[in-house]
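Colleague: What follows is query.cif, mmCIF, C-alpha atoms.
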data_data
loop_
_atom_site.label_atom_id
_atom_site.label_comp_id
_atom_site.auth_asym_id
_atom_site.auth_seq_id
_atom_site.Cartn_x
_atom_site.Cartn_y
_atom_site.Cartn_z
CA MET A 21 -16.93 22.95 -17.66
CA PRO A 22 -14.69 25.73 -16.31
CA VAL A 23 -16.46 28.45 -14.36
CA ALA A 24 -15.31 31.95 -13.53
CA GLY A 25 -12.08 31.77 -11.56
CA ASP A 26 -11.21 28.28 -12.73
CA THR A 27 -8.06 27.93 -14.73
CA PRO A 28 -7.62 25.12 -17.26
CA ALA A 29 -5.05 23.59 -14.91
CA ALA A 30 -7.54 23.63 -12.04
CA ALA A 31 -10.21 22.03 -14.20
CA SER A 32 -7.74 19.33 -15.20
CA ALA A 33 -6.76 18.69 -11.60
CA ALA A 34 -10.43 18.28 -10.66
CA THR A 35 -10.74 15.61 -13.37
CA CYS A 36 -7.77 13.79 -11.85
CA LEU A 37 -9.40 13.88 -8.43
CA ASP A 38 -12.77 12.71 -9.75
CA ALA A 39 -11.13 9.62 -11.25
CA VAL A 40 -10.26 8.32 -7.79
CA ALA A 41 -12.79 5.97 -6.16
CA TRP A 42 -12.71 7.61 -2.72
CA ASP A 43 -14.04 5.37 0.04
CA GLU A 44 -17.04 6.12 2.27
CA ARG A 45 -14.80 8.38 4.37
CA GLY A 46 -13.56 10.21 1.28
CA LEU A 47 -10.14 8.59 1.58
CA ALA A 48 -7.82 6.43 -0.49
CA PRO A 49 -4.67 4.64 0.67
CA ALA A 50 -1.46 6.03 -0.80
CA ILE A 51 1.70 3.96 -0.93
CA ALA A 52 5.02 5.79 -1.01
CA GLN A 53 7.87 3.94 -2.70
CA ASP A 54 11.45 5.14 -2.92
CA ALA A 55 12.05 5.95 -6.58
CA GLY A 56 15.71 5.05 -6.32
CA SER A 57 15.84 1.90 -4.23
CA GLY A 58 12.34 0.64 -4.95
CA ARG A 59 11.78 0.17 -1.25
CA VAL A 60 8.22 0.63 -0.02
CA LEU A 61 8.47 3.37 2.58
CA MET A 62 5.02 3.81 4.09
CA LEU A 63 1.30 3.76 3.56
CA ALA A 64 -0.76 6.80 4.42
CA TRP A 65 -4.13 8.20 3.36
CA MET A 66 -5.22 10.96 1.05
CA ASN A 67 -8.48 12.79 0.61
CA ARG A 68 -9.27 15.12 -2.29
CA ASP A 69 -7.52 18.06 -0.66
CA ALA A 70 -4.42 16.01 0.08
CA LEU A 71 -4.19 14.73 -3.48
CA ALA A 72 -4.80 18.20 -4.88
CA ALA A 73 -2.05 19.60 -2.65
CA SER A 74 0.29 16.79 -3.64
CA ILE A 75 -0.27 17.45 -7.33
CA ALA A 76 0.01 21.21 -6.98
CA SER A 77 3.14 21.19 -4.81
CA GLY A 78 4.93 18.13 -6.14
CA PHE A 79 5.46 16.96 -2.57
CA ALA A 80 3.48 14.25 -0.79
CA THR A 81 0.66 15.60 1.34
CA TYR A 82 -1.52 13.13 3.22
CA TRP A 83 -4.62 13.25 5.37
CA SER A 84 -3.85 12.48 8.98
CA ARG A 85 -6.73 10.40 10.26
CA SER A 86 -5.61 10.75 13.90
CA ARG A 87 -5.26 14.53 13.73
CA ALA A 88 -8.04 14.99 11.15
CA GLN A 89 -6.00 17.48 9.16
CA LEU A 90 -3.76 17.74 6.13
CA TRP A 91 -0.32 16.34 6.79
CA ARG A 92 2.43 17.87 4.76
CA LYS A 93 4.86 14.98 5.14
CA GLY A 94 8.19 16.23 6.44
CA GLU A 95 6.87 19.59 7.55
CA SER A 96 8.33 19.17 11.02
CA SER A 97 10.99 16.53 10.35
CA GLY A 98 12.31 17.87 7.07
CA HIS A 99 11.80 14.41 5.62
CA ARG A 100 9.69 15.56 2.71
CA GLN A 101 8.86 13.36 -0.25
CA ARG A 102 9.30 14.81 -3.71
CA ILE A 103 6.92 13.08 -6.07
CA VAL A 104 8.61 11.58 -9.12
CA ASP A 105 5.63 9.60 -10.41
CA MET A 106 2.10 8.89 -9.27
CA ARG A 107 -0.03 5.89 -10.20
CA LEU A 108 -3.65 4.85 -9.76
CA ASP A 109 -4.64 1.21 -9.57
CA CYS A 110 -7.10 -0.73 -11.70
CA ASP A 111 -10.15 -0.06 -9.58
CA GLY A 112 -9.10 3.49 -8.87
CA ASP A 113 -9.08 3.26 -5.11
CA THR A 114 -5.36 3.17 -4.31
CA LEU A 115 -2.52 5.55 -5.16
CA LEU A 116 1.16 4.71 -5.58
CA LEU A 117 3.74 7.45 -5.32
CA GLN A 118 7.32 7.13 -6.45
CA VAL A 119 9.17 9.59 -4.27
CA GLU A 120 12.56 11.03 -3.59
CA GLN A 121 12.77 10.71 0.18
CA MET A 122 14.57 13.67 1.74
CA GLY A 123 17.03 12.60 4.42
CA GLY A 124 16.58 8.96 3.49
CA ILE A 125 14.17 8.53 6.41
CA ALA A 126 10.44 8.03 5.96
CA CYS A 127 9.50 6.62 9.36
CA HIS A 128 8.87 8.60 12.53
CA THR A 129 10.99 6.00 14.34
CA GLY A 130 14.02 7.29 12.44
CA ARG A 131 14.19 4.35 10.06
CA ALA A 132 14.34 4.40 6.27
CA SER A 133 11.00 2.61 5.91
CA CYS A 134 8.02 2.10 8.19
CA PHE A 135 8.08 -1.60 7.22
CA TYR A 136 11.00 -2.50 9.44
CA ARG A 137 9.44 -5.55 11.16
CA ALA A 138 9.54 -8.92 9.42
CA LEU A 139 7.49 -12.01 10.05
CA ASP A 140 9.49 -14.82 11.51
CA ALA A 141 6.73 -17.25 12.38
CA ALA A 142 9.12 -20.13 12.86
CA ALA A 143 10.86 -18.29 15.67
CA GLY A 144 7.86 -18.27 18.01
CA GLY A 145 7.37 -15.58 20.62
CA ASP A 146 7.77 -12.15 19.11
CA CYS A 147 7.04 -13.11 15.55
CA TRP A 148 7.50 -9.64 14.08
CA THR A 149 11.22 -9.07 14.32
CA VAL A 150 12.86 -5.67 13.91
CA ARG A 151 15.20 -5.91 10.95
CA ASP A 152 16.20 -2.35 10.13
CA PRO A 153 18.38 0.07 12.07
CA VAL A 154 17.37 3.46 13.43
CA LEU A 155 19.28 5.93 11.28
CA LYS A 156 18.49 8.96 13.38
CA ASN A 157 17.16 9.37 16.90
CA PRO A 158 13.52 10.50 16.72
CA ASP A 159 14.27 13.01 19.49
CA ASP A 160 16.73 14.66 17.13
CA ILE A 161 14.29 14.55 14.21
CA TYR A 162 11.48 16.39 15.92
CA SER A 163 13.27 18.70 18.37
CA HIS A 164 13.66 21.73 16.13
CA GLU A 165 12.38 24.26 18.65
CA MET B 18 -1.01 -19.48 27.04
CA PRO B 19 -1.60 -22.61 24.97
CA VAL B 20 -4.78 -24.50 25.74
CA ALA B 21 -5.70 -28.08 24.99
CA GLY B 22 -5.54 -28.66 21.25
CA ASP B 23 -3.24 -25.73 20.57
CA THR B 24 0.13 -26.51 19.12
CA PRO B 25 3.09 -24.24 19.77
CA ALA B 26 2.97 -23.23 16.10
CA ALA B 27 -0.70 -22.29 16.38
CA ALA B 28 -0.03 -20.29 19.51
CA SER B 29 2.79 -18.49 17.75
CA ALA B 30 0.63 -17.72 14.73
CA ALA B 31 -2.06 -16.26 16.99
CA THR B 32 0.56 -13.96 18.51
CA CYS B 33 1.51 -12.79 15.03
CA LEU B 34 -2.13 -12.01 14.25
CA ASP B 35 -2.68 -10.21 17.55
CA ALA B 36 0.20 -7.87 16.77
CA VAL B 37 -1.71 -6.40 13.83
CA ALA B 38 -3.81 -3.30 14.54
CA TRP B 39 -6.90 -4.44 12.64
CA ASP B 40 -9.26 -1.60 11.73
CA GLU B 41 -12.88 -1.27 12.86
CA ARG B 42 -13.85 -3.74 10.12
CA GLY B 43 -11.21 -6.22 11.23
CA LEU B 44 -9.11 -5.49 8.15
CA ALA B 45 -5.64 -4.26 7.29
CA PRO B 46 -4.34 -3.20 3.87
CA ALA B 47 -1.73 -5.54 2.41
CA ILE B 48 0.67 -4.37 -0.29
CA ALA B 49 2.12 -6.98 -2.63
CA GLN B 50 5.51 -6.15 -4.11
CA ASP B 51 7.39 -8.24 -6.66
CA ALA B 52 10.40 -9.65 -4.82
CA GLY B 53 12.46 -9.66 -7.99
CA SER B 54 11.69 -6.40 -9.76
CA GLY B 55 10.63 -4.42 -6.72
CA ARG B 56 7.50 -3.36 -8.56
CA VAL B 57 4.44 -2.73 -6.42
CA LEU B 58 1.82 -5.08 -7.83
CA MET B 59 -1.41 -4.43 -5.94
CA LEU B 60 -3.04 -3.51 -2.69
CA ALA B 61 -5.66 -5.78 -1.19
CA TRP B 62 -7.06 -6.39 2.27
CA MET B 63 -6.54 -9.06 4.90
CA ASN B 64 -8.48 -10.06 7.97
CA ARG B 65 -7.23 -12.48 10.63
CA ASP B 66 -8.28 -15.52 8.65
CA ALA B 67 -6.60 -14.25 5.48
CA LEU B 68 -3.35 -13.54 7.27
CA ALA B 69 -3.46 -16.89 9.03
CA ALA B 70 -4.04 -18.64 5.70
CA SER B 71 -1.23 -16.66 4.09
CA ILE B 72 1.20 -17.62 6.84
CA ALA B 73 0.12 -21.25 6.88
CA SER B 74 0.16 -21.75 3.11
CA GLY B 75 3.00 -19.45 2.09
CA PHE B 76 0.78 -17.99 -0.62
CA ALA B 77 -1.06 -14.67 -0.48
CA THR B 78 -4.65 -14.97 0.65
CA TYR B 79 -6.73 -11.82 0.94
CA TRP B 80 -10.19 -10.86 2.11
CA SER B 81 -12.42 -9.86 -0.76
CA ARG B 82 -14.54 -6.96 0.48
CA SER B 83 -16.85 -7.12 -2.55
CA ARG B 84 -17.48 -10.86 -2.23
CA ALA B 85 -17.12 -10.91 1.56
CA GLN B 86 -15.05 -14.08 1.47
CA LEU B 87 -11.47 -15.29 1.56
CA TRP B 88 -9.72 -14.73 -1.74
CA ARG B 89 -6.96 -17.16 -2.53
CA LYS B 90 -5.15 -14.96 -5.01
CA GLY B 91 -4.64 -16.82 -8.27
CA GLU B 92 -7.11 -19.58 -7.47
CA SER B 93 -8.93 -19.11 -10.78
CA SER B 94 -6.24 -17.33 -12.81
CA GLY B 95 -3.26 -19.37 -11.69
CA HIS B 96 -1.50 -16.11 -10.86
CA ARG B 97 -0.68 -17.05 -7.32
CA GLN B 98 1.73 -15.11 -5.16
CA ARG B 99 4.35 -17.06 -3.23
CA ILE B 100 5.32 -15.09 -0.15
CA VAL B 101 9.05 -14.48 0.15
CA ASP B 102 8.93 -11.98 3.01
CA MET B 103 6.23 -10.27 5.04
CA ARG B 104 6.53 -6.97 6.89
CA LEU B 105 4.42 -5.00 9.34
CA ASP B 106 4.64 -1.23 9.54
CA CYS B 107 5.45 0.98 12.51
CA ASP B 108 1.89 1.41 13.73
CA GLY B 109 1.02 -2.17 12.94
CA ASP B 110 -1.89 -1.50 10.64
CA THR B 111 -0.40 -2.25 7.21
CA LEU B 112 1.25 -5.38 5.80
CA LEU B 113 3.84 -5.55 3.03
CA LEU B 114 4.39 -8.82 1.18
CA GLN B 115 7.37 -9.56 -1.01
CA VAL B 116 6.06 -12.09 -3.46
CA GLU B 117 7.04 -14.24 -6.36
CA GLN B 118 4.25 -13.49 -8.84
CA MET B 119 3.27 -16.57 -10.82
CA GLY B 120 2.82 -15.83 -14.51
CA GLY B 121 4.22 -12.34 -14.05
CA ILE B 122 0.67 -10.96 -13.97
CA ALA B 123 -0.92 -9.59 -10.81
CA CYS B 124 -3.78 -7.56 -12.30
CA HIS B 125 -7.14 -8.90 -13.42
CA THR B 126 -6.71 -6.71 -16.53
CA GLY B 127 -3.84 -8.96 -17.62
CA ARG B 128 -1.14 -6.49 -16.70
CA ALA B 129 1.93 -7.08 -14.55
CA SER B 130 0.78 -4.56 -11.93
CA CYS B 131 -2.54 -3.01 -11.00
CA PHE B 132 -0.80 0.38 -10.93
CA TYR B 133 -0.69 0.81 -14.69
CA ARG B 134 -2.15 4.33 -14.91
CA ALA B 135 0.14 7.31 -14.35
CA LEU B 136 -0.72 10.88 -13.50
CA ASP B 137 -0.01 13.24 -16.32
CA ALA B 138 -1.60 16.40 -14.94
CA ALA B 139 0.14 18.63 -17.47
CA ALA B 140 -1.60 16.81 -20.31
CA GLY B 141 -5.13 17.84 -19.32
CA GLY B 142 -8.16 15.77 -20.19
CA ASP B 143 -7.63 12.17 -19.17
CA CYS B 144 -5.03 12.79 -16.58
CA TRP B 145 -4.48 9.15 -15.63
CA THR B 146 -2.74 7.68 -18.64
CA VAL B 147 -2.36 3.95 -19.25
CA ARG B 148 1.35 3.21 -19.35
CA ASP B 149 1.64 -0.56 -19.19
CA PRO B 150 0.70 -3.19 -21.77
CA VAL B 151 -1.78 -6.00 -21.36
CA LEU B 152 0.34 -9.14 -21.26
CA LYS B 153 -2.52 -11.58 -21.51
CA ASN B 154 -6.16 -11.16 -22.52
CA PRO B 155 -8.32 -11.34 -19.38
CA ASP B 156 -10.73 -13.57 -21.32
CA ASP B 157 -7.92 -16.08 -21.64
CA ILE B 158 -6.95 -15.77 -17.98
CA TYR B 159 -10.35 -16.58 -16.55
CA SER B 160 -11.86 -18.95 -19.13
CA HIS B 161 -10.63 -22.21 -17.69
CA GLU B 162 -14.00 -23.97 -17.85
#
Could I get this structure in the form of structure tokens?

Modeller:
Amino acid sequence: MPVAGDTPAAASAATCLDAVAWDERGLAPAIAQDAGSGRVLMLAWMNRDALAASIASGFATYWSRSRAQLWRKGESSGHRQRIVDMRLDCDGDTLLLQVEQMGGIACHTGRASCFYRALDAAAGGDCWTVRDPVLKNPDDIYSHE
Amino acid sequence: MPVAGDTPAAASAATCLDAVAWDERGLAPAIAQDAGSGRVLMLAWMNRDALAASIASGFATYWSRSRAQLWRKGESSGHRQRIVDMRLDCDGDTLLLQVEQMGGIACHTGRASCFYRALDAAAGGDCWTVRDPVLKNPDDIYSHE
């Protein structure tokens, strides 16, 4: 029930957040898929605040487990992800975002997708083989200062 | 280095498994994507044994966290997933499988994909709205005995 200060939109957003089966850390994996190409770009994590920020802003915001803080994807690189559609899976513990990937680069290595290594078990040795090109030098992505 | 009893193929497979940054539970999320439609079907988890079985068999095998055992996807439903391509992400902790989905149904609810609920925050109330039809009654999927 809305309390003083709550707007109907805020109450609705809380309902959306409550529907997610957050894990014991309060997190859920979120898959980002390119809405145009269908390519899976990355997997990151959201907590309640990250999902709320994603819904409110329309741009993907994750929870950085390594930095233990909200991660507004693209904040430093410019490679933001505009959310076109968001899905929840059958058991409610995984999110799927269809995104418009700014700059066409989702990965910090400068590649379109973070999934740029393919299994080539028959080859022996290095069985995860790099298949996708670097589109932009990471030094150029993150050297804005 | 191979030891007595190891085959080159086994040694190679071990290298592939070692390259994965398994989490503190020994797991990594694995995304299954339909190789034809590009649709993201589900997210499940793998441990070393599940990945080894997937590579060896060519069919997706996961680790069921709820049952704490290997889960040969489709073993009871027939909805197996033939692996067409497998990818590892930049930090090595997430797998992406391109699969041929037998029966065109990945979800235990009888739907093509587990991601059948879409966010419709503007609608209020139930903000995750079912968008995809049930293709087959789950009772008919799992009542083989």

Colleague: Enter the distance from atom CA of B:Leu105 to atom CA of A:Arg85, in Å, rounded to one decimal.

Modeller: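 It comes out at 19.0 Å.
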
Colleague: Just say which residues the PyMOL selection byres ((chain B) within 6 of (chain A)) picks in this file, as JSON, numbers by chain.

Modeller: {"B": [29, 33, 55, 103, 104, 105, 106, 107, 131, 132, 134, 135, 136, 141, 144]}

Colleague: With chain A held fixed, move chain B onto it by a least-squares fit of all C-alpha atoms in order and give the output as a PDB file with C-alpha atoms, in the coordinates of the input.

Modeller:
ATOM      1  CA  MET B  18     -16.943  22.499 -17.887  1.00  0.00           C
ATOM      2  CA  PRO B  19     -14.835  25.375 -16.576  1.00  0.00           C
ATOM      3  CA  VAL B  20     -16.732  28.094 -14.764  1.00  0.00           C
ATOM      4  CA  ALA B  21     -15.736  31.659 -14.041  1.00  0.00           C
ATOM      5  CA  GLY B  22     -12.545  31.682 -11.999  1.00  0.00           C
ATOM      6  CA  ASP B  23     -11.476  28.201 -13.039  1.00  0.00           C
ATOM      7  CA  THR B  24      -8.253  27.903 -14.932  1.00  0.00           C
ATOM      8  CA  PRO B  25      -7.697  25.062 -17.374  1.00  0.00           C
ATOM      9  CA  ALA B  26      -5.125  23.641 -14.952  1.00  0.00           C
ATOM     10  CA  ALA B  27      -7.633  23.708 -12.099  1.00  0.00           C
ATOM     11  CA  ALA B  28     -10.243  22.034 -14.251  1.00  0.00           C
ATOM     12  CA  SER B  29      -7.742  19.362 -15.198  1.00  0.00           C
ATOM     13  CA  ALA B  30      -6.759  18.774 -11.583  1.00  0.00           C
ATOM     14  CA  ALA B  31     -10.417  18.355 -10.626  1.00  0.00           C
ATOM     15  CA  THR B  32     -10.746  15.687 -13.316  1.00  0.00           C
ATOM     16  CA  CYS B  33      -7.768  13.866 -11.833  1.00  0.00           C
ATOM     17  CA  LEU B  34      -9.382  13.939  -8.390  1.00  0.00           C
ATOM     18  CA  ASP B  35     -12.755  12.788  -9.705  1.00  0.00           C
ATOM     19  CA  ALA B  36     -11.133   9.713 -11.217  1.00  0.00           C
ATOM     20  CA  VAL B  37     -10.253   8.401  -7.759  1.00  0.00           C
ATOM     21  CA  ALA B  38     -12.778   6.056  -6.132  1.00  0.00           C
ATOM     22  CA  TRP B  39     -12.709   7.682  -2.695  1.00  0.00           C
ATOM     23  CA  ASP B  40     -14.034   5.438   0.075  1.00  0.00           C
ATOM     24  CA  GLU B  41     -17.029   6.189   2.301  1.00  0.00           C
ATOM     25  CA  ARG B  42     -14.774   8.441   4.397  1.00  0.00           C
ATOM     26  CA  GLY B  43     -13.543  10.294   1.331  1.00  0.00           C
ATOM     27  CA  LEU B  44     -10.127   8.656   1.609  1.00  0.00           C
ATOM     28  CA  ALA B  45      -7.828   6.484  -0.462  1.00  0.00           C
ATOM     29  CA  PRO B  46      -4.674   4.688   0.694  1.00  0.00           C
ATOM     30  CA  ALA B  47      -1.467   6.076  -0.791  1.00  0.00           C
ATOM     31  CA  ILE B  48       1.704   3.990  -0.921  1.00  0.00           C
ATOM     32  CA  ALA B  49       5.028   5.815  -0.996  1.00  0.00           C
ATOM     33  CA  GLN B  50       7.874   3.965  -2.683  1.00  0.00           C
ATOM     34  CA  ASP B  51      11.472   5.155  -2.906  1.00  0.00           C
ATOM     35  CA  ALA B  52      12.058   5.986  -6.567  1.00  0.00           C
ATOM     36  CA  GLY B  53      15.713   5.055  -6.297  1.00  0.00           C
ATOM     37  CA  SER B  54      15.846   1.893  -4.214  1.00  0.00           C
ATOM     38  CA  GLY B  55      12.347   0.665  -4.947  1.00  0.00           C
ATOM     39  CA  ARG B  56      11.783   0.201  -1.236  1.00  0.00           C
ATOM     40  CA  VAL B  57       8.226   0.655  -0.020  1.00  0.00           C
ATOM     41  CA  LEU B  58       8.480   3.385   2.598  1.00  0.00           C
ATOM     42  CA  MET B  59       5.020   3.831   4.101  1.00  0.00           C
ATOM     43  CA  LEU B  60       1.310   3.791   3.558  1.00  0.00           C
ATOM     44  CA  ALA B  61      -0.754   6.828   4.443  1.00  0.00           C
ATOM     45  CA  TRP B  62      -4.111   8.224   3.399  1.00  0.00           C
ATOM     46  CA  MET B  63      -5.213  10.997   1.073  1.00  0.00           C
ATOM     47  CA  ASN B  64      -8.463  12.852   0.640  1.00  0.00           C
ATOM     48  CA  ARG B  65      -9.246  15.205  -2.249  1.00  0.00           C
ATOM     49  CA  ASP B  66      -7.490  18.123  -0.617  1.00  0.00           C
ATOM     50  CA  ALA B  67      -4.375  16.062   0.115  1.00  0.00           C
ATOM     51  CA  LEU B  68      -4.158  14.794  -3.436  1.00  0.00           C
ATOM     52  CA  ALA B  69      -4.751  18.264  -4.829  1.00  0.00           C
ATOM     53  CA  ALA B  70      -1.997  19.649  -2.596  1.00  0.00           C
ATOM     54  CA  SER B  71       0.334  16.827  -3.602  1.00  0.00           C
ATOM     55  CA  ILE B  72      -0.237  17.493  -7.292  1.00  0.00           C
ATOM     56  CA  ALA B  73       0.059  21.251  -6.923  1.00  0.00           C
ATOM     57  CA  SER B  74       3.187  21.223  -4.758  1.00  0.00           C
ATOM     58  CA  GLY B  75       4.986  18.164  -6.100  1.00  0.00           C
ATOM     59  CA  PHE B  76       5.514  16.971  -2.537  1.00  0.00           C
ATOM     60  CA  ALA B  77       3.527  14.275  -0.745  1.00  0.00           C
ATOM     61  CA  THR B  78       0.710  15.621   1.377  1.00  0.00           C
ATOM     62  CA  TYR B  79      -1.485  13.168   3.247  1.00  0.00           C
ATOM     63  CA  TRP B  80      -4.584  13.280   5.402  1.00  0.00           C
ATOM     64  CA  SER B  81      -3.818  12.509   9.011  1.00  0.00           C
ATOM     65  CA  ARG B  82      -6.722  10.431  10.312  1.00  0.00           C
ATOM     66  CA  SER B  83      -5.576  10.770  13.933  1.00  0.00           C
ATOM     67  CA  ARG B  84      -5.222  14.556  13.765  1.00  0.00           C
ATOM     68  CA  ALA B  85      -8.001  15.013  11.203  1.00  0.00           C
ATOM     69  CA  GLN B  86      -5.964  17.514   9.219  1.00  0.00           C
ATOM     70  CA  LEU B  87      -3.729  17.777   6.182  1.00  0.00           C
ATOM     71  CA  TRP B  88      -0.291  16.362   6.847  1.00  0.00           C
ATOM     72  CA  ARG B  89       2.494  17.887   4.831  1.00  0.00           C
ATOM     73  CA  LYS B  90       4.898  14.992   5.166  1.00  0.00           C
ATOM     74  CA  GLY B  91       8.233  16.216   6.480  1.00  0.00           C
ATOM     75  CA  GLU B  92       6.931  19.592   7.604  1.00  0.00           C
ATOM     76  CA  SER B  93       8.410  19.167  11.085  1.00  0.00           C
ATOM     77  CA  SER B  94      11.056  16.512  10.401  1.00  0.00           C
ATOM     78  CA  GLY B  95      12.356  17.859   7.116  1.00  0.00           C
ATOM     79  CA  HIS B  96      11.847  14.398   5.641  1.00  0.00           C
ATOM     80  CA  ARG B  97       9.750  15.557   2.752  1.00  0.00           C
ATOM     81  CA  GLN B  98       8.891  13.372  -0.202  1.00  0.00           C
ATOM     82  CA  ARG B  99       9.328  14.831  -3.676  1.00  0.00           C
ATOM     83  CA  ILE B 100       6.932  13.103  -6.039  1.00  0.00           C
ATOM     84  CA  VAL B 101       8.618  11.612  -9.090  1.00  0.00           C
ATOM     85  CA  ASP B 102       5.653   9.624 -10.392  1.00  0.00           C
ATOM     86  CA  MET B 103       2.106   8.937  -9.258  1.00  0.00           C
ATOM     87  CA  ARG B 104      -0.032   5.943 -10.186  1.00  0.00           C
ATOM     88  CA  LEU B 105      -3.648   4.913  -9.736  1.00  0.00           C
ATOM     89  CA  ASP B 106      -4.649   1.271  -9.552  1.00  0.00           C
ATOM     90  CA  CYS B 107      -7.109  -0.661 -11.693  1.00  0.00           C
ATOM     91  CA  ASP B 108     -10.167  -0.010  -9.555  1.00  0.00           C
ATOM     92  CA  GLY B 109      -9.111   3.537  -8.848  1.00  0.00           C
ATOM     93  CA  ASP B 110      -9.090   3.330  -5.084  1.00  0.00           C
ATOM     94  CA  THR B 111      -5.358   3.219  -4.302  1.00  0.00           C
ATOM     95  CA  LEU B 112      -2.523   5.614  -5.157  1.00  0.00           C
ATOM     96  CA  LEU B 113       1.152   4.755  -5.566  1.00  0.00           C
ATOM     97  CA  LEU B 114       3.757   7.505  -5.307  1.00  0.00           C
ATOM     98  CA  GLN B 115       7.337   7.170  -6.444  1.00  0.00           C
ATOM     99  CA  VAL B 116       9.190   9.604  -4.260  1.00  0.00           C
ATOM    100  CA  GLU B 117      12.577  11.033  -3.570  1.00  0.00           C
ATOM    101  CA  GLN B 118      12.787  10.695   0.217  1.00  0.00           C
ATOM    102  CA  MET B 119      14.593  13.634   1.788  1.00  0.00           C
ATOM    103  CA  GLY B 120      17.066  12.553   4.449  1.00  0.00           C
ATOM    104  CA  GLY B 121      16.590   8.914   3.509  1.00  0.00           C
ATOM    105  CA  ILE B 122      14.193   8.502   6.442  1.00  0.00           C
ATOM    106  CA  ALA B 123      10.461   8.009   5.978  1.00  0.00           C
ATOM    107  CA  CYS B 124       9.523   6.593   9.389  1.00  0.00           C
ATOM    108  CA  HIS B 125       8.877   8.581  12.547  1.00  0.00           C
ATOM    109  CA  THR B 126      11.011   5.963  14.348  1.00  0.00           C
ATOM    110  CA  GLY B 127      14.049   7.248  12.447  1.00  0.00           C
ATOM    111  CA  ARG B 128      14.195   4.318  10.075  1.00  0.00           C
ATOM    112  CA  ALA B 129      14.360   4.388   6.285  1.00  0.00           C
ATOM    113  CA  SER B 130      11.005   2.610   5.943  1.00  0.00           C
ATOM    114  CA  CYS B 131       8.022   2.089   8.207  1.00  0.00           C
ATOM    115  CA  PHE B 132       8.069  -1.591   7.219  1.00  0.00           C
ATOM    116  CA  TYR B 133      10.989  -2.527   9.440  1.00  0.00           C
ATOM    117  CA  ARG B 134       9.447  -5.559  11.172  1.00  0.00           C
ATOM    118  CA  ALA B 135       9.518  -8.921   9.404  1.00  0.00           C
ATOM    119  CA  LEU B 136       7.453 -12.012  10.026  1.00  0.00           C
ATOM    120  CA  ASP B 137       9.471 -14.826  11.454  1.00  0.00           C
ATOM    121  CA  ALA B 138       6.685 -17.269  12.284  1.00  0.00           C
ATOM    122  CA  ALA B 139       9.082 -20.181  12.708  1.00  0.00           C
ATOM    123  CA  ALA B 140      10.820 -18.370  15.555  1.00  0.00           C
ATOM    124  CA  GLY B 141       7.807 -18.331  17.882  1.00  0.00           C
ATOM    125  CA  GLY B 142       7.334 -15.694  20.536  1.00  0.00           C
ATOM    126  CA  ASP B 143       7.747 -12.244  19.050  1.00  0.00           C
ATOM    127  CA  CYS B 144       6.992 -13.156  15.521  1.00  0.00           C
ATOM    128  CA  TRP B 145       7.481  -9.682  14.056  1.00  0.00           C
ATOM    129  CA  THR B 146      11.205  -9.111  14.298  1.00  0.00           C
ATOM    130  CA  VAL B 147      12.854  -5.714  13.890  1.00  0.00           C
ATOM    131  CA  ARG B 148      15.191  -5.958  10.924  1.00  0.00           C
ATOM    132  CA  ASP B 149      16.192  -2.398  10.121  1.00  0.00           C
ATOM    133  CA  PRO B 150      18.379   0.021  12.077  1.00  0.00           C
ATOM    134  CA  VAL B 151      17.392   3.396  13.436  1.00  0.00           C
ATOM    135  CA  LEU B 152      19.300   5.881  11.302  1.00  0.00           C
ATOM    136  CA  LYS B 153      18.527   8.911  13.403  1.00  0.00           C
ATOM    137  CA  ASN B 154      17.188   9.299  16.939  1.00  0.00           C
ATOM    138  CA  PRO B 155      13.550  10.433  16.742  1.00  0.00           C
ATOM    139  CA  ASP B 156      14.309  12.925  19.527  1.00  0.00           C
ATOM    140  CA  ASP B 157      16.772  14.576  17.179  1.00  0.00           C
ATOM    141  CA  ILE B 158      14.343  14.515  14.258  1.00  0.00           C
ATOM    142  CA  TYR B 159      11.526  16.342  15.986  1.00  0.00           C
ATOM    143  CA  SER B 160      13.328  18.656  18.426  1.00  0.00           C
ATOM    144  CA  HIS B 161      13.712  21.658  16.177  1.00  0.00           C
ATOM    145  CA  GLU B 162      12.410  24.178  18.714  1.00  0.00           C
TER     146      GLU B 162
END

Colleague: Give me the result of the PyMOL selection byres ((chain B and resi 157) around 12) on this file, residue by residue, as number ranges by chain.

Modeller: B: 93-95, 125-127, 151-156, 158-162

Colleague: How many Å separate atom CA of B:Lys90 from atom CA of B:Gly121?

Modeller: 13.3 Å

Colleague: Kindly give the distance, in Å, that separates atom CA of A:Leu90 and atom CA of A:Trp65, rounded to a single decimal.

Modeller: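 Computing it gives 9.9 Å between the two atoms.
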
Colleague: Go through A:Arg45, A:Asp54, A:Glu120, A:Gln101 one by one, measure the shortest atom-to-atom distance of each to A:Trp83 using only C-alpha atoms, and give the residue with the smallest value.

Modeller: A:Arg45

Colleague: Give me, as a list in words, all polymer residues having an atom no more than 9 Å from B:Arg89, counting all atoms listed in the file and skipping those fewer than 5 positions away in the same chain.

Modeller: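 In the requested form, the answer reads Ala67, Ala70, Ser71, Phe76, Ala77, Thr78, Tyr79, Trp80 and Arg97 of chain B.
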